[in-house]
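Input: a single structure, listed below in structure tokens.
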Amino acid sequence: MKFLAPFIFLTFQLFEVKGQFVPALFIFGDSIFDVGNNNDLVTLIKANFPPIGRDFVDHEPTGRFCNGKLALDIIAEGLRFTDHQPAYMNDKANGEMLLIGANFASATSGYYNATAILYNTISLSQQLENYREYKNKLVDITGKSNASSRISRGIHLISDGSSDFLQNYYINPLLFTTYTPDTFSDILLNSYDHFIQNLYELGAKRIGVATLPPLGCLPAAITAFGHGNNQCVARLNNNAISFNNKLKHRSQRLTRRLSKLNLVVLDIYNPLYTLITEPAENEVRRACCGTGLLETSILCNQHSIGTCSNASQYVFWDSFHPTEAANQILAQKLITSEM
């Protein structure tokens, strides 16, 4: 897969620094952004074992659901961070390491708190409480004024919602027999609205929220819901598009209501859909790990038969998550386009 050149100058409005450096990144959401917060939880949803992370620094698994870097890591490097924001649940998340921000994301988290409860991971509401605790620690380290400045000038990034649909709604008869995808989306967006307001009240001013990806094009979704067809599942993609449109309108309403808020919707749907549907030489139906059709988390392990030798030729590392090669492209697109 051909990479776009590494970016140095960030012109997108959320990332525009106007001569000033971004002091910190604060990360929330699910496995797209999780860097190891699930590692010590009693859950099956974790990624701290080989071959996961084989192309990351020192070829070691960290808890990232990828062979290498996440799009988040690449964005942070573009913002000139020399260290990655630590997983807040990690022992390293203390002292001066907290000055560059922290990562609160947890795989299978969702806007719907019950999704995280199903998998014994960290819900978005708990991530907010962890952020509140982090803020108190930051005040102890730098003082109240410096902490407030660091938070207001820092960038807050959120990626959530995919697990709500793929790992809860679509497979949970208590949900899909009660709610239509449209009404379920409204429930998620009410939670999103509440989360943004709380984050704003805690001092966040610069927030980017990622859209849903093309859910119906993920290898696991095609396997589970494609009825033997190897094409993207249109029904799931249409649900994602509908949700994303609502996300955009809800975000505009929040921006009008909260006068100092810079809230940007970051489009992940279209660049990933383009990678999948215009693949050139890249493998798109099958992920790199194992058979590439259903494996993720503990099913993607060193005993998985069929794991590829060169992940850069694939769009997906496992059946849910992009490879580092795909993340290089997605990171560039995230900072140069707005939904």
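As shown in the structure tokens, the chain order sets the letters A, B, ...; within each chain, residues go from 1, and ligands are also counted from 1 in the order they appear.
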List every residue of stretch 214-315 of chain A that DSSP, applied to the backbone, labels as strand (DSSP E or B), and write the result as number ranges by chain.
A: 262-266, 283, 314
Which of stretch 216-253 of chain A fall in helix (DSSP H, G or I), as a list in words:
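Result set for stretch 216-253 of chain A (helix (DSSP H, G or I)): Gly216, Cys217, Pro219, Ala220, Ala221, Ile222, Thr223, Ala224, Phe225, Ala234, Arg235, Leu236, Asn237, Asn238, Asn239, Ala240, Ile241, Ser242, Phe243, Asn244, Asn245, Lys246, Leu247, Lys248, His249, Arg250, Ser251, Gln252 and Arg253 of chain A.
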Go ahead and write the selection's residues with C-alpha atoms as an mmCIF file, in the first residue's frame.
data_model
loop_
_atom_site.group_PDB
_atom_site.id
_atom_site.type_symbol
_atom_site.label_atom_id
_atom_site.label_comp_id
_atom_site.auth_asym_id
_atom_site.auth_seq_id
_atom_site.Cartn_x
_atom_site.Cartn_y
_atom_site.Cartn_z
ATOM 1 C CA GLY A 216 -20.917 -3.055 6.385
ATOM 2 C CA CYS A 217 -17.462 -3.255 4.801
ATOM 3 C CA PRO A 219 -14.535 -8.190 7.207
ATOM 4 C CA ALA A 220 -16.325 -9.432 10.352
ATOM 5 C CA ALA A 221 -19.539 -7.662 9.347
ATOM 6 C CA ILE A 222 -19.482 -9.192 5.860
ATOM 7 C CA THR A 223 -18.894 -12.631 7.387
ATOM 8 C CA ALA A 224 -21.651 -12.257 10.002
ATOM 9 C CA PHE A 225 -24.279 -10.332 8.050
ATOM 10 C CA ALA A 234 -25.518 -2.125 2.268
ATOM 11 C CA ARG A 235 -27.975 -2.155 5.171
ATOM 12 C CA LEU A 236 -25.194 -1.634 7.724
ATOM 13 C CA ASN A 237 -23.533 1.075 5.646
ATOM 14 C CA ASN A 238 -26.833 2.906 5.285
ATOM 15 C CA ASN A 239 -27.289 2.820 9.058
ATOM 16 C CA ALA A 240 -23.787 4.298 9.479
ATOM 17 C CA ILE A 241 -24.469 7.049 6.928
ATOM 18 C CA SER A 242 -27.726 7.948 8.667
ATOM 19 C CA PHE A 243 -26.001 8.060 12.048
ATOM 20 C CA ASN A 244 -23.184 10.217 10.667
ATOM 21 C CA ASN A 245 -25.600 12.743 9.213
ATOM 22 C CA LYS A 246 -27.348 12.996 12.553
ATOM 23 C CA LEU A 247 -23.973 13.307 14.297
ATOM 24 C CA LYS A 248 -23.112 16.263 12.098
ATOM 25 C CA HIS A 249 -26.390 18.056 12.809
ATOM 26 C CA ARG A 250 -26.224 17.344 16.541
ATOM 27 C CA SER A 251 -22.656 18.686 16.617
ATOM 28 C CA GLN A 252 -23.739 21.875 14.852
ATOM 29 C CA ARG A 253 -26.441 22.385 17.459
#
One-decimal distance in Å that lies between atom CA of A:Thr62 and atom CA of A:Glu283
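Here the two named atoms are 25.2 Å from each other.
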Please list as a PyMOL selection string every residue within 10 Å of A:Glu96, counting only C-alpha atoms and excluding residues in the same chain fewer than 4 positions away.
chain A and resi 92+100-101+138+141-142
Could you write those residues out with all heavy atoms, as a PDB file, in the first residue's frame?
ATOM      1  N   LYS A  92       2.247   3.835  33.956  1.00  0.00           N
ATOM      2  CA  LYS A  92       3.081   4.941  33.488  1.00  0.00           C
ATOM      3  C   LYS A  92       2.319   6.267  33.453  1.00  0.00           C
ATOM      4  O   LYS A  92       2.931   7.319  33.271  1.00  0.00           O
ATOM      5  CB  LYS A  92       3.626   4.627  32.097  1.00  0.00           C
ATOM      6  CG  LYS A  92       4.603   3.467  32.053  1.00  0.00           C
ATOM      7  CD  LYS A  92       5.108   3.232  30.648  1.00  0.00           C
ATOM      8  CE  LYS A  92       6.081   2.052  30.604  1.00  0.00           C
ATOM      9  NZ  LYS A  92       6.564   1.789  29.213  1.00  0.00           N
ATOM     10  N   ILE A 100       1.326  15.700  28.790  1.00  0.00           N
ATOM     11  CA  ILE A 100       1.013  15.671  27.358  1.00  0.00           C
ATOM     12  C   ILE A 100      -0.389  15.130  27.097  1.00  0.00           C
ATOM     13  O   ILE A 100      -0.790  14.929  25.949  1.00  0.00           O
ATOM     14  CB  ILE A 100       2.044  14.841  26.564  1.00  0.00           C
ATOM     15  CG1 ILE A 100       2.058  13.380  27.035  1.00  0.00           C
ATOM     16  CG2 ILE A 100       3.425  15.475  26.662  1.00  0.00           C
ATOM     17  CD1 ILE A 100       2.892  12.462  26.153  1.00  0.00           C
ATOM     18  N   GLY A 101      -1.151  14.903  28.167  1.00  0.00           N
ATOM     19  CA  GLY A 101      -2.502  14.392  28.029  1.00  0.00           C
ATOM     20  C   GLY A 101      -2.581  12.936  28.435  1.00  0.00           C
ATOM     21  O   GLY A 101      -1.659  12.388  29.046  1.00  0.00           O
ATOM     22  N   LEU A 138      -3.649  16.733  37.377  1.00  0.00           N
ATOM     23  CA  LEU A 138      -2.936  17.756  36.619  1.00  0.00           C
ATOM     24  C   LEU A 138      -2.829  19.055  37.415  1.00  0.00           C
ATOM     25  O   LEU A 138      -1.791  19.727  37.396  1.00  0.00           O
ATOM     26  CB  LEU A 138      -3.652  18.006  35.290  1.00  0.00           C
ATOM     27  CG  LEU A 138      -2.922  18.857  34.256  1.00  0.00           C
ATOM     28  CD1 LEU A 138      -1.614  18.198  33.823  1.00  0.00           C
ATOM     29  CD2 LEU A 138      -3.812  19.098  33.033  1.00  0.00           C
ATOM     30  N   ILE A 141      -0.034  18.806  39.791  1.00  0.00           N
ATOM     31  CA  ILE A 141       1.285  18.859  39.161  1.00  0.00           C
ATOM     32  C   ILE A 141       1.661  20.269  38.726  1.00  0.00           C
ATOM     33  O   ILE A 141       2.790  20.728  38.941  1.00  0.00           O
ATOM     34  CB  ILE A 141       1.333  17.911  37.937  1.00  0.00           C
ATOM     35  CG1 ILE A 141       1.154  16.455  38.373  1.00  0.00           C
ATOM     36  CG2 ILE A 141       2.654  18.057  37.180  1.00  0.00           C
ATOM     37  CD1 ILE A 141       0.904  15.502  37.228  1.00  0.00           C
ATOM     38  N   THR A 142       0.717  20.985  38.108  1.00  0.00           N
ATOM     39  CA  THR A 142       1.049  22.263  37.461  1.00  0.00           C
ATOM     40  C   THR A 142       0.361  23.484  38.069  1.00  0.00           C
ATOM     41  O   THR A 142       0.688  24.605  37.707  1.00  0.00           O
ATOM     42  CB  THR A 142       0.689  22.222  35.961  1.00  0.00           C
ATOM     43  OG1 THR A 142      -0.729  22.178  35.818  1.00  0.00           O
ATOM     44  CG2 THR A 142       1.302  21.025  35.276  1.00  0.00           C
TER      45      THR A 142
END
Fewer than 5 positions away in the same chain doesn't count, so skip those; otherwise give me all residues within 8 Å of stretch 314-320 of chain A, counting only C-alpha atoms, as a ChimeraX atom specification.
/A:1,65-67,218-220,275-276,282-284,286-290,292-296,300,325-326
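Between atom CA of A:Ser31 and atom CA of A:Thr115 there is a distance of 12.9 Å.
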Selected residue of minimal separation from A:His84 among A:Gly306, A:Gly36, A:Pro181, A:Gly143, counting only C-alpha atoms
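When distances to A:His84 are compared using only C-alpha atoms, the smallest one comes from A:Gly36.
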Considering only C-alpha atoms, can you say which of A:Gln126, A:Asn120, A:Asn39, A:Asn48 comes closest to A:Met89?
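Comparing A:Gln126, A:Asn120, A:Asn39, A:Asn48 against A:Met89, the winner is A:Asn39.
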Which residue gives the smallest distance to A:Asn230 among A:Thr277, A:Asn190, A:Arg285, A:Tyr134, with only C-alpha atoms counted?
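Among the listed residues, A:Arg285 lies closest to A:Asn230.
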Using only C-alpha atoms, the best pick from A:Thr291, A:Ile155, A:Val22, A:Ala147 as closest to A:Ile305 would be A:Thr291
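Of the listed residues (A:Asn301, A:Thr336, A:Thr211, A:Asn229), A:Thr211 comes nearest to A:Asp160; the distances count only C-alpha atoms.
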